[in-house]
Amino acid sequence: MGNQHERVTPDAPAALSVRGLRFGYGRGWTVHLPTLEIAAGEQVLLTGGSGTGKSTLLHLIAGLIDPAEGRVEIAGQGVHALAGAKRDLFRGQHVGMIFQTFHLLEGFSARENVLAALMFSSIPPREHDRRAADLLARLGVQRIDAAAGELSVGQQQRVAVARAVACGPALVLADEPTASLDPENAARAMDVIQSACRDQNAALLCTSHDPSMVARFSRSLALESIATFAGESNPQEAR
Amino acid sequence: MPMTDMSLVTRSLRAHRLSTIVTALMVAIGVALLMVLLTVRDSASRAFLRGTGNMHLLVSAQESRLESVLNSVFHSGIPQRVVTWDKFQAVASLPPVDWALATVQGDNYRGYATMGVQSPFFEKFLPDGASPMTLASGTFFRAGEAGVFDVVLGSSAAAGTGLKVGDTLTITHGTDEKGHVHDEFKFTVSGVLSPTGTAHDRVVFVTAESKWIVHADEFRAQAARAAGKSEHEEPTTANLTPAEKPVTAIYVKMRATPTIAQVATIVRNELGLTAAYPASEIRRLLGIVGNADVVLIGIAIIVMLSGALSVMLALYNSMEHRRRQLAVLRVLGASQERLLSLVLSESAAIGLIGAAIGLVVAAIAGQVTAAFLSGALGVPISGAVDPVWAIIVVSGAVLLSALAGLVPAIRAYRTPVISSLRPIG
């Protein structure tokens with residue numbers, strides 16, 4: 001497991017490396033993803049119609065579910081080779097997740113949401129407070145001690161981003177982060193996510209079904225073009 | 001402050017404030033009930049066993065041994081039958097007997113039992129088994145005729161009547177059919193005893209001689225009237241006949257304990273009297289009462305169990321609302337085991353809060369109950385919470401609550417991460 005503060009160097013291991021991944025999805029659908037590689041610090045957009053298994057792929061990469069076969073490596077570590085608590089801790093330290101609905105901890109302040117993520121990091125506890133405050137300030141969260149639920153939607157999104165990058169992850173997974181936002185706010189939210197990842201040297205894998213996102217990324221992949229599907233019906237119909 | 005498991009637990013307890021308070025109170029009620037019962041039971045047992053002091057046998061003419069002990073050691077009720085002076089002397093002169101103390105019970109003075117004793121009583125009888133009665137003020141009975149109507153008050157009797165050394169009191173004994181008062185006898189308080197922590201604290205001690213004189217005066221007056229005389233000889237310590245010196249009970253101590261049974265046999269078979277082992281009579285009584293204790297303690301344990309059950313239900317129900325939060329913690333790096341331990345810590349914390357409240361309530365309720373029982377039973381009962389029981393009950397409550405948390409904790413452990421994080425709506 002890598003050092004939290006390591007700098008990205010050309011010979012650093014890929015942030016994400018997927019090989020021969022096969023997983024079941026929907027009603028009897030199997031997705032086969034031969035290869036997917038994301039370099040350290042690289043930002044990749046994954047497009048695809050709803051129901052193609054983008055979310056499931058992110059859950060697989062995060063180690064929340066197991067594939068039927070294949071290998072997922074994050075910063076050189078095979079995710080599914082780790083079991084139980086070790087995998088959970090690895091995810092906490094090396095993978096940041098951003099959801100469409102922010103999933104902030106209820107009753108916790110903005111600062112405490114970030115501190116909760118830092119609980120599982122290898123950063124010494126005495127540095128947690130400062131790191132949380134710095135991150136939130138850099139991301140433009142103004143009332144860091146207000147209950148997260150009292151903040152505006154935009155501010156809540158910033159807290160969610162701060163929480164995702166708090167532990168200095170190698171990879172940030174963002175699952176349809178802008179799906180519920182109007183175009184103007186979606187653009188603003190993506191600015192925050194992308195700059196935060198750049199700031200923290202984290203690679204970003206972002207899913208979206210919004211074609212206008214493509215321009216923001218140096219590389220965008222449609223799941224349909226990099227994966228093959230096998231099953232009873234067209235994936236677009238498999239809901 | 002960095003976030004820790006402890007801060008997650010306290011945060012969650014505060015987030016569910018009402019249910020935390022209610023469930024903690026349920027636990028508290030069980031703990032308080034159990035603590036009060038255990039405290040009062042133990043201290044009542046101790047108080048009863050304490051009062052028998054260093055006597056080996058209680059000899060009386062009562063039929064029931066237990067009743068004789070309750071009458072003559074705990075001053076509850078008055079013995080109905082008496083031991084004659086000759087038989088008292090026969091007991092006192094048995095070779096194994098170290099000392100035999102005659103007691104004469106009868107009237108009450110303003111609700112406090114009076115007991116006639118002879119001077120050696122204060123020196124020989126050790127009410128708590130270790131030390132003789134000591135004076136808080138004044139003197140024991142003065143020697144000779146001057147001290148015949150002296151009174152020595154037990155500490156509670158002194159406090160309850162407000163009498164102090166030098167005060168006089170009148171004990172009028174009996175009225176005849178025409179309702180007119182017989183001769184009056186003036187008693188003087190010579191001393192007040194320090195507390196002994198036994199039933200003897202509630203006694204007004206008078207001399208055995210004064211009891212006999214008061215009774216003899218009445219009998220002689222009746223006899224004189226029956227014989228048609230208007231005058232009768234005033235009774236004095238010198239002219240009392242053996243028949244005028246009845247004894248209600250005899251406190252007996254042997255020179256050596258192995259001879260107790262032998263003396264008891266002689267007393268029963270040759271003298272036709274009752275010989276009771278006070279401590280074992282009290283143990284027998286407590287054994288009978290003990291069955292009621294067991295029921296009460298059983299109820300307290302059931303209350304505690306239902307407290308634990310309420311902890312379980314409250315936490316279990318809250319798991320539904322917390323699914324999302326638990327799933328987020330998993331995403332942030334918490335393992336299933338960590339969630340299990342968080343919920344168990346939460347239920348144990350509720351148990352600890354409840355136990356702490358319960359102890360405070362028990363400390364207060366124990367004093368109130370003890371004060372009530374002391375008054376009702378005439379035995380000083382301490383309401384102080386026993387630290388050993390406190391540790392046992394508190395650990396029990398915490399353990400029980402933690403166990404109650406097991407079911408919700410397993411539910412937290414099994415929280416499905418992905419389905420709990422689906423966008424709402």
# chains A, B, ... in the order shown; residues from 1 in each chain; ligands from 1

call {"tool": "residues_around", "arguments": {"residues": "Leu37 in chain B", "least_positions_apart": "5", "cutoff": "8 Å", "atoms": "only C-alpha atoms", "output": "list of chain:residue names"}}
result
B:Asp293, B:Leu296, B:Ile297

call {"tool": "select_by_dssp", "arguments": {"residues": "range 67-221 of chain A", "states": "helix (DSSP H, G or I)", "output": "VMD selection string"}}
result
chain A and resid 79 to 81 84 to 94 110 to 118 125 to 138 148 to 150 153 to 165 183 to 199 211 to 216

call {"tool": "interface_residues", "arguments": {"of": "chain B", "to": "chain A", "cutoff": "12 Å", "atoms": "only C-alpha atoms", "output": "VMD selection string"}}
result
chain B and resid 1 to 8 10 to 16 321 to 339 413 416 to 425

call {"tool": "residues_around", "arguments": {"residues": "Ser347 in chain B", "least_positions_apart": "4", "cutoff": "9 Å", "atoms": "only C-alpha atoms", "output": "compact mmCIF listing (two decimals) with N, CA and C atoms, in the first residue's frame"}}
result
# COMPACT_ATOMS: atom_id res chain seq x y z
N ALA B 308 -33.25 -4.50 28.98
CA ALA B 308 -32.31 -4.93 27.93
C ALA B 308 -33.05 -5.17 26.62
N VAL B 311 -33.69 -2.01 24.93
CA VAL B 311 -32.47 -1.55 24.26
C VAL B 311 -32.38 -2.22 22.89
N MET B 312 -32.66 -3.54 22.90
CA MET B 312 -32.55 -4.30 21.66
C MET B 312 -33.53 -3.78 20.62
N LEU B 315 -32.68 -0.19 19.31
CA LEU B 315 -31.54 -0.18 18.39
C LEU B 315 -31.89 -0.88 17.08
N LEU B 342 -19.35 -1.14 16.83
CA LEU B 342 -19.93 0.19 17.10
C LEU B 342 -21.31 0.05 17.73
N VAL B 343 -22.12 -0.85 17.18
CA VAL B 343 -23.49 -1.01 17.70
C VAL B 343 -23.44 -1.66 19.09
N GLY B 351 -26.46 0.78 28.51
CA GLY B 351 -26.48 0.02 29.76
C GLY B 351 -25.72 0.74 30.85
N LEU B 352 -24.58 1.33 30.48
CA LEU B 352 -23.75 2.03 31.47
C LEU B 352 -24.45 3.29 31.98
N VAL B 398 -24.47 -3.72 32.15
CA VAL B 398 -23.71 -3.36 30.95
C VAL B 398 -23.60 -4.58 30.02
N SER B 401 -26.98 -5.34 28.44
CA SER B 401 -27.30 -4.38 27.38
C SER B 401 -26.46 -4.67 26.14
N ALA B 402 -25.17 -4.97 26.37
CA ALA B 402 -24.30 -5.27 25.24
C ALA B 402 -24.83 -6.50 24.50
N LEU B 403 -25.24 -7.51 25.26
CA LEU B 403 -25.80 -8.71 24.65
C LEU B 403 -27.06 -8.38 23.87
N ALA B 404 -27.88 -7.47 24.46
CA ALA B 404 -29.11 -7.06 23.78
C ALA B 404 -28.79 -6.37 22.46
N GLY B 405 -27.59 -5.76 22.41
CA GLY B 405 -27.19 -5.07 21.19
C GLY B 405 -26.74 -6.03 20.09
N LEU B 406 -26.62 -7.30 20.45
CA LEU B 406 -26.07 -8.26 19.50
C LEU B 406 -26.95 -8.41 18.25

call {"tool": "residues_around", "arguments": {"residues": "Gln89 in chain B", "least_positions_apart": "2", "cutoff": "12 Å", "atoms": "only C-alpha atoms", "output": "compact mmCIF listing (two decimals) with N, CA, C and O atoms, in the first residue's frame"}}
result
# COMPACT_ATOMS: atom_id res chain seq x y z
N VAL B 83 -40.50 -17.13 83.58
CA VAL B 83 -39.62 -18.11 84.23
C VAL B 83 -39.54 -17.71 85.69
O VAL B 83 -39.38 -16.52 86.00
N THR B 84 -39.67 -18.68 86.58
CA THR B 84 -39.61 -18.33 88.01
C THR B 84 -38.17 -18.06 88.42
O THR B 84 -37.22 -18.46 87.76
N TRP B 85 -38.06 -17.31 89.52
CA TRP B 85 -36.74 -16.92 90.04
C TRP B 85 -35.90 -18.17 90.35
O TRP B 85 -34.70 -18.19 90.08
N ASP B 86 -36.54 -19.22 90.87
CA ASP B 86 -35.81 -20.44 91.22
C ASP B 86 -35.19 -21.07 89.97
O ASP B 86 -34.04 -21.50 89.99
N LYS B 87 -35.99 -21.10 88.92
CA LYS B 87 -35.47 -21.71 87.70
C LYS B 87 -34.35 -20.85 87.09
O LYS B 87 -33.40 -21.37 86.51
N VAL B 91 -30.63 -22.16 86.23
CA VAL B 91 -29.90 -21.99 84.96
C VAL B 91 -28.55 -21.33 85.23
O VAL B 91 -27.50 -21.78 84.76
N ALA B 92 -28.60 -20.26 86.03
CA ALA B 92 -27.39 -19.48 86.28
C ALA B 92 -26.30 -20.32 86.97
O ALA B 92 -25.11 -20.05 86.81
N SER B 93 -26.74 -21.33 87.73
CA SER B 93 -25.75 -22.08 88.49
C SER B 93 -25.29 -23.35 87.78
O SER B 93 -24.50 -24.11 88.34
N LEU B 94 -25.76 -23.57 86.55
CA LEU B 94 -25.24 -24.73 85.82
C LEU B 94 -23.73 -24.51 85.58
O LEU B 94 -23.33 -23.42 85.17
N PRO B 95 -22.92 -25.53 85.82
CA PRO B 95 -21.46 -25.33 85.75
C PRO B 95 -20.95 -24.76 84.42
O PRO B 95 -20.06 -23.91 84.44
N VAL B 97 -22.19 -22.62 82.55
CA VAL B 97 -22.69 -21.28 82.27
C VAL B 97 -21.71 -20.23 82.77
O VAL B 97 -21.31 -20.24 83.94
N TRP B 99 -22.26 -16.71 82.18
CA TRP B 99 -23.18 -15.77 82.82
C TRP B 99 -24.60 -16.00 82.34
O TRP B 99 -24.83 -16.52 81.24
N ALA B 100 -25.57 -15.66 83.21
CA ALA B 100 -26.99 -15.72 82.84
C ALA B 100 -27.59 -14.39 83.28
O ALA B 100 -27.42 -13.98 84.43
N LEU B 101 -28.21 -13.69 82.33
CA LEU B 101 -28.75 -12.36 82.63
C LEU B 101 -30.28 -12.42 82.56
O LEU B 101 -30.84 -12.79 81.53
N ALA B 102 -30.90 -12.03 83.67
CA ALA B 102 -32.37 -12.05 83.71
C ALA B 102 -32.90 -10.80 83.03
O ALA B 102 -32.37 -9.71 83.22
N PRO B 242 -39.20 -14.64 96.25
CA PRO B 242 -38.86 -15.26 94.97
C PRO B 242 -40.04 -15.27 94.02
O PRO B 242 -39.89 -15.06 92.81
N LYS B 245 -40.46 -12.26 91.83
CA LYS B 245 -39.37 -11.92 90.92
C LYS B 245 -39.42 -12.78 89.65
O LYS B 245 -38.51 -13.56 89.39
N PRO B 246 -40.48 -12.63 88.86
CA PRO B 246 -40.55 -13.41 87.63
C PRO B 246 -39.58 -12.82 86.58
O PRO B 246 -39.30 -11.63 86.61
N VAL B 247 -39.13 -13.70 85.72
CA VAL B 247 -38.19 -13.31 84.67
C VAL B 247 -38.83 -13.69 83.34
O VAL B 247 -39.44 -14.75 83.22
N ILE B 250 -33.93 -15.26 79.77
CA ILE B 250 -32.57 -15.27 80.31
C ILE B 250 -31.59 -15.31 79.15
O ILE B 250 -31.67 -16.18 78.28
N VAL B 252 -28.03 -16.24 78.05
CA VAL B 252 -27.04 -17.14 78.63
C VAL B 252 -25.81 -17.24 77.74
O VAL B 252 -25.92 -17.37 76.51
N VAL B 267 -31.78 -27.51 80.06
CA VAL B 267 -32.82 -26.48 80.20
C VAL B 267 -34.17 -27.03 79.73
O VAL B 267 -35.19 -26.85 80.39
N LEU B 271 -35.53 -28.59 83.26
CA LEU B 271 -36.20 -27.40 83.81
C LEU B 271 -37.52 -27.12 83.08
O LEU B 271 -38.28 -26.26 83.51

call {"tool": "closest_residue", "arguments": {"among": "B:Ala47, B:Pro96, B:Ala224, B:Ser310", "to": "Pro258 in chain B", "atoms": "only C-alpha atoms"}}
result
B:Pro96

call {"tool": "atom_distance", "arguments": {"atom1": "CA of Leu16 in chain A", "atom2": "CA of Val192 in chain A"}}
result
21.8 Å
